[in-house]
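Novice: The following file, target05.cif, comprises mmCIF, C-alpha atoms:
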data_work
loop_
_atom_site.label_atom_id
_atom_site.label_comp_id
_atom_site.auth_asym_id
_atom_site.auth_seq_id
_atom_site.Cartn_x
_atom_site.Cartn_y
_atom_site.Cartn_z
CA MET A 8 -107.81 -63.65 57.73
CA GLN A 9 -107.95 -67.27 56.58
CA GLY A 10 -106.70 -66.22 53.14
CA ALA A 11 -103.75 -64.40 54.67
CA GLN A 12 -102.85 -67.44 56.80
CA THR A 13 -103.03 -69.72 53.76
CA GLU A 14 -100.79 -67.42 51.74
CA ARG A 15 -98.32 -67.17 54.60
CA GLN A 16 -98.22 -70.94 55.01
CA ARG A 17 -97.68 -71.38 51.25
CA ARG A 18 -94.76 -69.00 51.39
CA ASP A 19 -93.23 -70.68 54.47
CA ASP A 20 -93.55 -74.12 52.91
CA MET A 21 -91.82 -73.01 49.73
CA ASN A 22 -88.98 -71.37 51.60
CA LYS A 23 -88.43 -74.46 53.74
CA GLY A 24 -88.48 -76.81 50.78
CA ASN A 25 -86.51 -74.80 48.25
CA THR A 26 -84.33 -71.80 48.84
CA GLY A 27 -83.99 -71.00 45.12
CA PHE A 28 -84.96 -67.46 44.24
CA TRP A 29 -87.75 -68.30 41.79
CA SER A 30 -89.32 -70.66 44.33
CA ALA A 31 -89.47 -67.95 46.98
CA GLY A 32 -91.73 -64.93 47.22
CA HIS A 33 -94.59 -63.97 44.90
CA ARG A 34 -93.67 -63.64 41.24
CA PRO A 35 -96.82 -61.77 40.05
CA THR A 36 -96.20 -59.08 42.66
CA LEU A 37 -92.53 -58.86 41.71
CA PHE A 38 -93.50 -58.36 38.06
CA ALA A 39 -96.15 -55.80 38.97
CA ALA A 40 -93.64 -53.88 41.12
CA PHE A 41 -91.14 -53.85 38.26
CA LEU A 42 -93.70 -52.74 35.65
CA TYR A 43 -95.13 -50.00 37.85
CA PHE A 44 -91.64 -48.75 38.70
CA ASP A 45 -90.60 -48.91 35.04
CA LEU A 46 -93.41 -46.76 33.65
CA ALA A 47 -93.31 -44.40 36.62
CA PHE A 48 -89.64 -43.76 36.00
CA MET A 49 -90.33 -43.21 32.33
CA VAL A 50 -92.54 -40.21 33.07
CA TRP A 51 -90.53 -39.06 36.09
CA VAL A 52 -87.57 -38.05 33.92
CA ILE A 53 -89.50 -37.22 30.74
CA LEU A 54 -88.71 -33.51 31.01
CA GLY A 55 -85.03 -34.31 30.52
CA PRO A 56 -85.31 -35.65 26.94
CA LEU A 57 -87.87 -32.92 26.15
CA ALA A 58 -85.73 -30.17 27.73
CA PRO A 59 -84.06 -28.88 24.53
CA ASP A 60 -87.45 -28.39 22.86
CA ILE A 61 -89.10 -26.96 25.98
CA ALA A 62 -86.20 -24.58 26.62
CA GLU A 63 -86.31 -23.27 23.06
CA ASP A 64 -90.08 -22.84 23.14
CA LEU A 65 -90.16 -21.10 26.54
CA GLY A 66 -86.85 -19.21 26.17
CA LEU A 67 -85.12 -20.73 29.21
CA ASN A 68 -81.50 -20.06 30.19
CA ALA A 69 -79.02 -22.72 31.38
CA ALA A 70 -79.90 -22.38 35.08
CA GLU A 71 -83.64 -22.56 34.35
CA LYS A 72 -83.12 -25.67 32.23
CA GLY A 73 -81.21 -27.30 35.07
CA LEU A 74 -83.93 -26.41 37.57
CA MET A 75 -86.67 -27.64 35.24
CA VAL A 76 -85.22 -31.15 35.01
CA ALA A 77 -84.25 -31.16 38.71
CA VAL A 78 -87.69 -30.25 40.16
CA PRO A 79 -89.30 -33.67 39.47
CA THR A 80 -86.35 -35.25 41.25
CA LEU A 81 -86.72 -33.04 44.33
CA ALA A 82 -90.51 -33.47 44.39
CA GLY A 83 -90.07 -37.20 44.10
CA ALA A 84 -87.60 -37.15 46.98
CA VAL A 85 -90.02 -35.37 49.31
CA LEU A 86 -92.97 -37.51 48.25
CA ARG A 87 -90.97 -40.67 48.89
CA LEU A 88 -91.10 -39.76 52.58
CA VAL A 89 -94.88 -39.48 52.32
CA ASN A 90 -95.14 -42.77 50.48
CA GLY A 91 -92.89 -44.45 53.03
CA LEU A 92 -95.37 -43.48 55.75
CA LEU A 93 -98.39 -44.54 53.69
CA VAL A 94 -96.85 -47.91 52.81
CA ASP A 95 -96.58 -48.80 56.48
CA ARG A 96 -100.13 -47.64 57.24
CA ILE A 97 -102.28 -48.57 54.23
CA GLY A 98 -100.00 -50.99 52.40
CA PRO A 99 -97.83 -50.60 49.28
CA LYS A 100 -100.47 -51.69 46.76
CA LEU A 101 -103.02 -49.00 47.65
CA THR A 102 -100.30 -46.37 48.02
CA GLY A 103 -99.04 -47.17 44.54
CA ALA A 104 -102.53 -47.03 43.05
CA ILE A 105 -103.15 -43.54 44.47
CA GLY A 106 -99.85 -42.26 43.11
CA GLN A 107 -100.51 -43.63 39.64
CA LEU A 108 -103.93 -41.98 39.45
CA ILE A 109 -102.48 -38.60 40.47
CA VAL A 110 -99.82 -38.76 37.75
CA ILE A 111 -102.32 -39.81 35.07
CA ALA A 112 -104.71 -37.02 36.02
CA GLY A 113 -101.93 -34.42 36.16
CA LEU A 114 -100.57 -35.31 32.73
CA LEU A 115 -104.05 -35.21 31.21
CA VAL A 116 -104.60 -31.71 32.61
CA ALA A 117 -101.20 -30.50 31.35
CA TRP A 118 -101.90 -31.93 27.89
CA GLY A 119 -105.44 -30.57 27.73
CA LEU A 120 -104.68 -27.04 28.97
CA GLY A 121 -101.19 -26.72 27.54
CA VAL A 122 -98.05 -25.49 29.31
CA ASN A 123 -96.93 -22.01 28.27
CA SER A 124 -94.65 -20.71 31.02
CA PHE A 125 -91.66 -21.61 33.17
CA GLY A 126 -93.92 -21.72 36.22
CA GLY A 127 -96.26 -24.08 34.42
CA ILE A 128 -93.51 -26.52 33.52
CA LEU A 129 -92.28 -26.46 37.12
CA ALA A 130 -95.82 -27.36 38.23
CA VAL A 131 -95.74 -30.31 35.83
CA GLY A 132 -92.44 -31.30 37.43
CA VAL A 133 -94.06 -31.38 40.86
CA VAL A 134 -96.80 -33.70 39.56
CA LEU A 135 -94.16 -35.94 38.01
CA GLY A 136 -92.64 -36.19 41.47
CA PHE A 137 -95.48 -38.57 42.36
CA ALA A 138 -94.07 -40.92 39.72
CA GLY A 139 -90.60 -40.67 41.24
CA ALA A 140 -92.09 -41.50 44.64
CA SER A 141 -93.00 -44.94 43.23
CA PHE A 142 -89.60 -46.05 44.51
CA ALA A 143 -90.91 -46.05 48.09
CA VAL A 144 -93.78 -48.31 47.00
CA ALA A 145 -92.33 -50.77 44.50
CA LEU A 146 -89.39 -51.82 46.65
CA PRO A 147 -91.26 -52.70 49.86
CA LEU A 148 -94.04 -54.25 47.74
CA ALA A 149 -91.46 -56.73 46.44
CA SER A 150 -89.16 -56.89 49.48
CA ARG A 151 -91.77 -58.10 51.95
CA TRP A 152 -92.28 -61.29 49.95
CA TYR A 153 -88.64 -62.45 50.01
CA PRO A 154 -86.33 -63.93 52.69
CA PRO A 155 -83.02 -62.24 53.62
CA GLU A 156 -80.82 -64.31 51.32
CA HIS A 157 -82.78 -63.13 48.25
CA GLN A 158 -83.25 -59.45 49.09
CA GLY A 159 -80.54 -58.21 46.74
CA THR A 160 -81.90 -60.13 43.77
CA ALA A 161 -85.56 -59.31 44.44
CA LEU A 162 -84.97 -55.61 44.94
CA GLY A 163 -82.58 -55.57 42.01
CA ILE A 164 -85.30 -56.92 39.72
CA ALA A 165 -87.97 -54.58 41.09
CA GLY A 166 -85.51 -51.70 40.98
CA MET A 167 -84.62 -52.45 37.37
CA GLY A 168 -87.68 -50.32 36.68
CA ASN A 169 -85.00 -47.65 36.38
CA SER A 170 -84.96 -48.82 32.77
CA GLY A 171 -88.09 -46.75 32.17
CA THR A 172 -85.77 -43.81 31.76
CA VAL A 173 -84.52 -45.53 28.60
CA PHE A 174 -87.98 -45.34 27.03
CA ALA A 175 -88.22 -41.65 27.81
CA ALA A 176 -84.85 -40.95 26.21
CA LEU A 177 -85.56 -43.12 23.16
CA PHE A 178 -89.08 -42.06 22.28
CA ALA A 179 -89.86 -38.65 23.81
CA PRO A 180 -87.64 -36.54 21.49
CA GLY A 181 -88.92 -38.27 18.35
CA LEU A 182 -92.55 -37.95 19.38
CA ALA A 183 -91.95 -34.29 20.24
CA ALA A 184 -90.55 -33.72 16.74
CA LEU A 185 -93.69 -35.24 15.21
CA PHE A 186 -96.44 -33.92 17.48
CA GLY A 187 -94.90 -31.25 19.72
CA TRP A 188 -93.53 -31.71 23.23
CA ASN A 189 -96.82 -30.91 24.97
CA ALA A 190 -98.54 -33.77 23.10
CA VAL A 191 -95.95 -36.18 24.53
CA LEU A 192 -97.38 -35.53 28.00
CA GLY A 193 -100.77 -36.76 26.81
CA LEU A 194 -99.36 -39.73 24.90
CA ALA A 195 -97.56 -40.90 28.03
CA VAL A 196 -100.93 -41.49 29.69
CA ILE A 197 -101.65 -44.44 27.39
CA PRO A 198 -98.95 -46.83 28.73
CA LEU A 199 -99.53 -45.51 32.24
CA ALA A 200 -103.20 -46.48 32.09
CA VAL A 201 -102.38 -49.97 30.80
CA THR A 202 -99.83 -50.41 33.57
CA PHE A 203 -102.35 -49.34 36.20
CA VAL A 204 -104.77 -52.08 35.12
CA ILE A 205 -102.04 -54.76 35.19
CA TYR A 206 -100.78 -53.54 38.54
CA MET A 207 -104.21 -53.74 40.15
CA ALA A 208 -104.68 -57.25 38.79
CA LEU A 209 -101.33 -58.74 39.81
CA ALA A 210 -99.93 -56.87 42.82
CA LYS A 211 -100.61 -58.30 46.26
CA ASP A 212 -99.50 -57.08 49.67
CA ALA A 213 -97.41 -59.60 51.63
CA PRO A 214 -99.34 -61.25 54.48
CA ASP A 215 -96.57 -60.76 57.06
CA ALA A 216 -96.25 -56.99 56.72
CA PRO A 217 -95.39 -55.22 59.99
CA ALA A 218 -98.24 -53.62 61.90
CA PRO A 219 -98.72 -49.84 61.47
CA LYS A 220 -96.77 -47.74 63.94
CA PRO A 221 -97.64 -44.45 65.63
CA ILE A 222 -96.66 -41.46 63.50
CA SER A 223 -93.89 -40.53 65.97
CA ALA A 224 -92.25 -43.91 65.43
CA TYR A 225 -91.62 -43.31 61.73
CA LEU A 226 -88.65 -41.08 62.43
CA GLU A 227 -87.18 -43.55 64.92
CA PRO A 228 -84.65 -44.95 62.38
CA LEU A 229 -83.10 -41.48 62.12
CA ARG A 230 -81.82 -41.93 65.65
CA ASN A 231 -79.70 -44.78 64.30
CA ARG A 232 -76.53 -43.60 62.60
CA ASP A 233 -76.68 -46.49 60.13
CA ALA A 234 -79.77 -44.92 58.57
CA TRP A 235 -77.78 -41.76 57.83
CA TRP A 236 -74.99 -43.79 56.26
CA PHE A 237 -77.45 -45.52 53.96
CA MET A 238 -78.91 -42.16 52.99
CA LEU A 239 -75.45 -40.88 52.06
CA PHE A 240 -74.58 -44.01 50.10
CA TYR A 241 -77.80 -43.94 48.09
CA GLY A 242 -77.64 -40.18 47.67
CA VAL A 243 -74.48 -40.76 45.63
CA THR A 244 -75.43 -43.91 43.69
CA PHE A 245 -79.05 -43.18 42.86
CA GLY A 246 -78.56 -39.43 42.91
CA GLY A 247 -75.86 -39.80 40.29
CA PHE A 248 -77.98 -42.16 38.21
CA VAL A 249 -81.15 -40.09 38.11
CA GLY A 250 -79.32 -36.76 37.96
CA LEU A 251 -77.46 -37.89 34.86
CA SER A 252 -80.60 -39.45 33.37
CA ALA A 253 -82.35 -36.08 33.59
CA SER A 254 -79.40 -33.99 32.43
CA LEU A 255 -77.64 -35.85 29.63
CA GLY A 256 -80.06 -34.71 26.94
CA ILE A 257 -79.17 -31.11 27.72
CA TYR A 258 -75.47 -31.95 28.03
CA PHE A 259 -75.18 -33.65 24.64
CA THR A 260 -77.12 -30.92 22.82
CA ASP A 261 -75.26 -28.03 24.49
CA GLN A 262 -71.73 -29.46 24.49
CA TYR A 263 -71.64 -31.31 21.17
CA GLY A 264 -74.44 -29.71 19.15
CA LEU A 265 -76.42 -32.94 18.76
CA THR A 266 -80.08 -32.86 17.80
CA PRO A 267 -82.53 -33.72 20.60
CA VAL A 268 -83.27 -37.07 18.95
CA ILE A 269 -79.60 -38.11 18.69
CA ALA A 270 -78.95 -36.78 22.19
CA GLY A 271 -81.85 -38.97 23.33
CA TYR A 272 -80.23 -42.03 21.80
CA CYS A 273 -76.96 -41.26 23.57
CA THR A 274 -78.80 -40.76 26.85
CA ALA A 275 -80.71 -44.01 26.36
CA ALA A 276 -77.45 -45.94 25.94
CA CYS A 277 -76.12 -44.55 29.22
CA VAL A 278 -79.35 -45.12 31.12
CA PHE A 279 -79.77 -48.63 29.74
CA ALA A 280 -76.33 -49.54 31.06
CA GLY A 281 -77.14 -48.25 34.54
CA SER A 282 -80.55 -49.93 34.62
CA LEU A 283 -79.32 -53.27 33.33
CA VAL A 284 -76.76 -53.75 36.06
CA ARG A 285 -78.98 -52.88 39.03
CA PRO A 286 -80.13 -56.50 39.53
CA ILE A 287 -76.59 -57.64 38.78
CA GLY A 288 -75.33 -55.34 41.51
CA GLY A 289 -77.91 -56.75 43.91
CA ALA A 290 -77.06 -60.36 43.00
CA LEU A 291 -73.32 -59.64 43.30
CA ALA A 292 -73.93 -58.10 46.72
CA ASP A 293 -75.85 -61.25 47.73
CA ARG A 294 -72.79 -63.29 46.72
CA ILE A 295 -69.80 -61.22 47.94
CA GLY A 296 -71.44 -58.66 50.21
CA GLY A 297 -72.90 -55.22 49.70
CA THR A 298 -69.99 -53.35 51.26
CA ARG A 299 -67.42 -54.98 48.97
CA THR A 300 -69.57 -54.23 45.94
CA LEU A 301 -70.05 -50.60 46.95
CA SER A 302 -66.33 -50.09 47.50
CA VAL A 303 -65.68 -50.87 43.83
CA VAL A 304 -68.71 -48.84 42.74
CA TYR A 305 -67.59 -45.59 44.37
CA ALA A 306 -64.01 -45.87 43.13
CA VAL A 307 -65.08 -46.46 39.52
CA ALA A 308 -67.79 -43.78 39.58
CA ALA A 309 -65.41 -41.19 41.03
CA ALA A 310 -62.77 -41.90 38.39
CA ALA A 311 -65.28 -41.73 35.50
CA LEU A 312 -66.91 -38.50 36.70
CA ALA A 313 -63.53 -36.88 37.30
CA ALA A 314 -62.54 -37.77 33.74
CA ILE A 315 -65.80 -36.29 32.42
CA SER A 316 -65.08 -33.07 34.32
CA THR A 317 -62.03 -32.50 32.11
CA GLY A 318 -64.35 -31.95 29.12
CA PRO A 319 -63.97 -34.93 26.72
CA ALA A 320 -62.99 -33.74 23.25
CA THR A 321 -65.39 -36.00 21.35
CA VAL A 322 -68.92 -37.17 21.90
CA GLY A 323 -67.74 -40.79 21.59
CA LEU A 324 -65.28 -40.40 24.46
CA ALA A 325 -67.86 -38.63 26.60
CA LEU A 326 -70.42 -41.36 25.87
CA GLY A 327 -67.98 -44.09 26.90
CA LEU A 328 -67.17 -42.36 30.18
CA PHE A 329 -70.84 -41.80 30.97
CA VAL A 330 -71.59 -45.47 30.31
CA ILE A 331 -68.84 -46.50 32.74
CA ALA A 332 -70.17 -44.09 35.37
CA MET A 333 -73.74 -45.32 34.92
CA LEU A 334 -72.67 -48.97 35.11
CA ALA A 335 -71.02 -48.29 38.44
CA LEU A 336 -73.88 -46.21 39.83
CA GLY A 337 -76.52 -48.70 38.68
CA ALA A 338 -74.71 -51.60 40.36
CA GLY A 339 -74.40 -49.46 43.47
CA ASN A 340 -78.17 -48.92 43.59
CA GLY A 341 -78.68 -52.67 43.75
CA ALA A 342 -75.94 -53.10 46.37
CA VAL A 343 -77.34 -50.46 48.73
CA PHE A 344 -80.72 -52.16 48.72
CA GLN A 345 -79.16 -55.50 49.39
CA LEU A 346 -77.97 -54.01 52.68
CA VAL A 347 -80.94 -51.91 53.79
CA PRO A 348 -83.41 -54.82 54.34
CA GLN A 349 -80.80 -56.73 56.33
CA ARG A 350 -80.42 -53.85 58.77
CA PHE A 351 -83.95 -52.40 58.84
CA ARG A 352 -86.32 -55.16 57.75
CA ALA A 353 -89.01 -54.20 60.26
CA GLU A 354 -88.83 -50.56 59.15
CA MET A 355 -88.50 -51.25 55.42
CA GLY A 356 -91.36 -48.97 54.41
CA VAL A 357 -90.10 -45.86 56.15
CA MET A 358 -86.44 -46.67 55.39
CA THR A 359 -87.24 -46.97 51.71
CA GLY A 360 -88.80 -43.54 51.93
CA LEU A 361 -85.86 -42.04 53.82
CA VAL A 362 -83.15 -43.61 51.68
CA GLY A 363 -85.11 -42.86 48.53
CA PHE A 364 -85.50 -39.27 49.68
CA ALA A 365 -81.73 -38.97 49.97
CA GLY A 366 -81.32 -40.45 46.50
CA GLY A 367 -83.73 -37.90 45.08
CA VAL A 368 -81.94 -35.04 46.83
CA GLY A 369 -78.68 -36.27 45.33
CA GLY A 370 -80.26 -36.28 41.87
CA PHE A 371 -81.70 -32.79 42.37
CA TYR A 372 -78.30 -31.50 43.45
CA LEU A 373 -76.48 -32.98 40.46
CA ALA A 374 -79.04 -31.88 37.84
CA SER A 375 -79.39 -28.35 39.21
CA SER A 376 -75.66 -27.89 39.86
CA LEU A 377 -74.82 -28.75 36.26
CA GLY A 378 -77.19 -26.01 35.09
CA ILE A 379 -75.84 -23.49 37.60
CA ALA A 380 -72.24 -24.32 36.69
CA LYS A 381 -73.08 -23.86 33.01
CA GLN A 382 -74.76 -20.52 33.74
CA LEU A 383 -71.89 -19.18 35.87
CA THR A 384 -68.81 -20.62 34.15
CA GLY A 385 -70.00 -21.47 30.66
CA SER A 386 -69.40 -25.18 31.29
CA PRO A 387 -71.04 -27.86 33.46
CA GLN A 388 -67.71 -29.56 34.21
CA LEU A 389 -67.36 -28.25 37.78
CA GLY A 390 -70.63 -29.98 38.69
CA PHE A 391 -69.21 -33.35 37.60
CA LEU A 392 -65.99 -32.81 39.54
CA ILE A 393 -67.81 -32.01 42.78
CA PHE A 394 -69.99 -35.10 42.45
CA ALA A 395 -66.86 -37.21 41.86
CA ALA A 396 -65.58 -35.85 45.18
CA LEU A 397 -68.86 -36.87 46.85
CA ALA A 398 -68.33 -40.43 45.58
CA LEU A 399 -64.94 -40.46 47.30
CA VAL A 400 -66.56 -39.16 50.50
CA ALA A 401 -69.02 -42.09 50.33
CA LEU A 402 -66.11 -44.50 49.80
CA GLY A 403 -64.36 -43.12 52.86
CA GLY A 404 -67.52 -43.41 54.93
CA LEU A 405 -68.08 -46.99 53.82
CA THR A 406 -64.53 -47.87 54.81
CA THR A 407 -65.12 -46.56 58.32
CA VAL A 408 -68.37 -48.47 58.98
CA LYS A 409 -68.03 -51.81 57.22
CA THR A 410 -66.00 -53.50 59.96
CA ARG A 411 -68.49 -52.45 62.65
CA TRP A 412 -71.42 -53.62 60.52
CA ARG A 413 -69.89 -57.05 59.99
CA SER A 414 -69.14 -57.53 63.68
CA THR A 415 -72.52 -56.29 65.00
CA TRP A 416 -75.81 -56.70 63.10
CA GLY A 417 -74.12 -58.47 60.20
CA ALA A 418 -72.87 -61.25 62.46
CA SER A 419 -76.43 -62.24 63.35
CA LEU A 420 -77.59 -62.74 59.76
CA GLN A 421 -78.07 -66.23 58.39
CA GLY A 422 -77.60 -66.88 54.70
CA ALA A 423 -76.86 -63.23 53.82
CA ARG A 424 -73.60 -61.34 53.28
CA ILE A 425 -72.82 -57.73 53.98
#
Would you mind writing the file out in structure tokens?
Specialist:
Amino acid sequence: MQGAQTERQRRDDMNKGNTGFWSAGHRPTLFAAFLYFDLAFMVWVILGPLAPDIAEDLGLNAAEKGLMVAVPTLAGAVLRLVNGLLVDRIGPKLTGAIGQLIVIAGLLVAWGLGVNSFGGILAVGVVLGFAGASFAVALPLASRWYPPEHQGTALGIAGMGNSGTVFAALFAPGLAALFGWNAVLGLAVIPLAVTFVIYMALAKDAPDAPAPKPISAYLEPLRNRDAWWFMLFYGVTFGGFVGLSASLGIYFTDQYGLTPVIAGYCTAACVFAGSLVRPIGGALADRIGGTRTLSVVYAVAAAALAAISTGPATVGLALGLFVIAMLALGAGNGAVFQLVPQRFRAEMGVMTGLVGFAGGVGGFYLASSLGIAKQLTGSPQLGFLIFAALALVALGGLTTVKTRWRSTWGASLQGARI
């Protein structure tokens, strides 16, 4: 108890004396949250870069390929709800440790026994969902250490763990070519184990975390319509980001005949763009407001996805459009989570789970719909067009609520913009 009081006093003193970002919060925990999120995301989407090899080995059709890369996203979405509950009851650090151990154990079993069927690879996807659920741990782990005026920047940095998808796209296809795709599952355990050790050494739960609530109280935010708006907004931004991250390897190999390795490089370029701008999106939202930032995000994303739906003639043109879309979606991820802590700071654990769940559902929809569209029409383009329409729906919704937000809960904030 004395240690917690000392830590709390240290934090209060720093915030009173210096409102600069790097003088606020707890930097070791912020780094641990980022690293954990980064490596978790790497393995969460690893089936995407491996999909061409897995599909050839197991004889999968287009719809099965789409479902294969979408299952980790859906499992991660559901498990984010579980993690959101656990974070509020046992703390983010312990919740994250449990999830990491499950993923490490699951990958070791898959590597040791081998995966020889479509059902087996779907089971691996469910295990990888525990890695995707890291979102509901890493963000509150970092968020609880920072004051309102720095939420966008802090969560942008922690959320930049999205960049782990770059590592999967860059290295998984090449390693699969050398050792086989099943061996990649075992090799992924090495950086995961190192990350686990660093995480346990550096991460620390914030001393002013809210007290655990009764189980019935965890769904209380759903009675507030703002929670549903945030779920829609993140379902489009993060859903688009992770859905594309999981699907682009298949898209580039199927549409342009690229090798899995070259398709991985193209995917990595797109994912890197989206990951890089997440903290920029959060910082921009801190400066000009999250609603203004999101308005631009949805307009740009809708235009880029609509252009992609026309079927770009060259891989270079397609790559450029995907980079633009990912830049917009990545910035939107940071902007949404500049807003969420302002509105639901006391319920940040469960709200991270709920909003993260919606983001995962959006990713599952996009990844699976591209496969279904390819199976039914011979082209995935209809899936891109429908998701562009969803971005316009989000833009319309944002336009209807932003004035009310600014005049109600936004008016009571000090030092933060919405």
Novice: Tell me which protein, DNA and RNA residues are within 8 Å of Gly366 of chain A, counting all atoms listed in the file, leaving out same-chain ones fewer than 3 positions away, and put them as a list in words.
Specialist: Ala84, Met238, Tyr241, Gly242, Val243, Thr244, Phe245, Gly246, Val362, Gly363, Gly369 and Gly370 of chain A
Novice: Expanded to explicit residues, what is the PyMOL selection byres ((chain A and resi 77) around 12) for this file, as a PyMOL selection string?
Specialist: chain A and resi 51-55+58+70-76+78-84+128-129+131-133+135-136+139+246+249-254+367-379
Novice: How many Å lie between atom CA of Ala306 of chain A and atom CA of Gly390 of chain A, rounded to one decimal?
Specialist: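 Separation of atom CA of Ala306 of chain A and atom CA of Gly390 of chain A: 17.8 Å.
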Novice: Run the PyMOL selection byres ((chain A and resi 42) around 9) on the file and write out the hits as an MDAnalysis selection string.
Specialist: chainID A and resid 37:41 43:47 165 168 171 202 205:206
Novice: Counting only C-alpha atoms, find the residues whose atoms lie at most 10 Å from (-94.8, -56.4, 51.0) (file coordinates) and write them out as a list in words.
Specialist: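 Those residues lying close to the given coordinates are Gly32, His33, Thr36, Leu37, Val94, Asp95, Gly98, Pro99, Lys100, Val144, Ala145, Leu146, Pro147, Leu148, Ala149, Ser150, Arg151, Trp152, Tyr153, Ala210, Lys211, Asp212, Ala213, Pro214, Asp215, Ala216, Pro217, Met355 and Gly356 of chain A.
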Novice: What's around Asp64 of chain A at 10 Å? Count all atoms listed in the file, leave out sequence neighbours fewer than 6 positions away in its own chain, and write the answer as number ranges by chain.
Specialist: A: 58, 123-124, 188
Novice: Of the candidates A:Trp236, A:Pro35, A:Ala184, A:Ile331, which shows the shortest atom-to-atom distance to Thr266 of chain A, using all atoms listed in the file?
Specialist: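 Answer, going by the shortest atom-to-atom distance: A:Ala184.
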Novice: Between A:Val278, A:Leu177, A:Ala395, A:Ile425, which one has atoms that come closest to Ile315 of chain A, using only C-alpha atoms?
Specialist: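 Ranking A:Val278, A:Leu177, A:Ala395, A:Ile425 by distance to Ile315 of chain A, first place goes to A:Ala395.
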Novice: Which neighbours of Ala280 of chain A fall inside 7 Å, counting all atoms listed in the file, when residues of the same chain fewer than 3 positions from it are skipped, and could you give them as a PyMOL selection string?
Specialist: chain A and resi 276-277+283-284+330+333-334
Novice: Neighbours of Leu301 of chain A within 7 Å (all atoms listed in the file; same-chain residues fewer than 3 positions away dropped), as a ChimeraX atom specification?
Specialist: /A:297-298,304-305,339,342
Novice: Which one is closest to Leu397 of chain A: A:Pro348, A:Phe240, A:Ala275, A:Trp412? Count all atoms listed in the file.
Specialist: A:Phe240
Novice: Which value, in Å to one decimal, gives the distance between atom CA of Met358 of chain A and atom CA of Gly247 of chain A?
Specialist: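 Answer for the atom CA of Met358 of chain A to atom CA of Gly247 of chain A separation: 19.7 Å.
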Novice: How many Å lie between atom CA of Leu209 of chain A and atom CA of Thr359 of chain A, rounded to one decimal?
Specialist: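 Between these atoms lies a distance of 21.9 Å.
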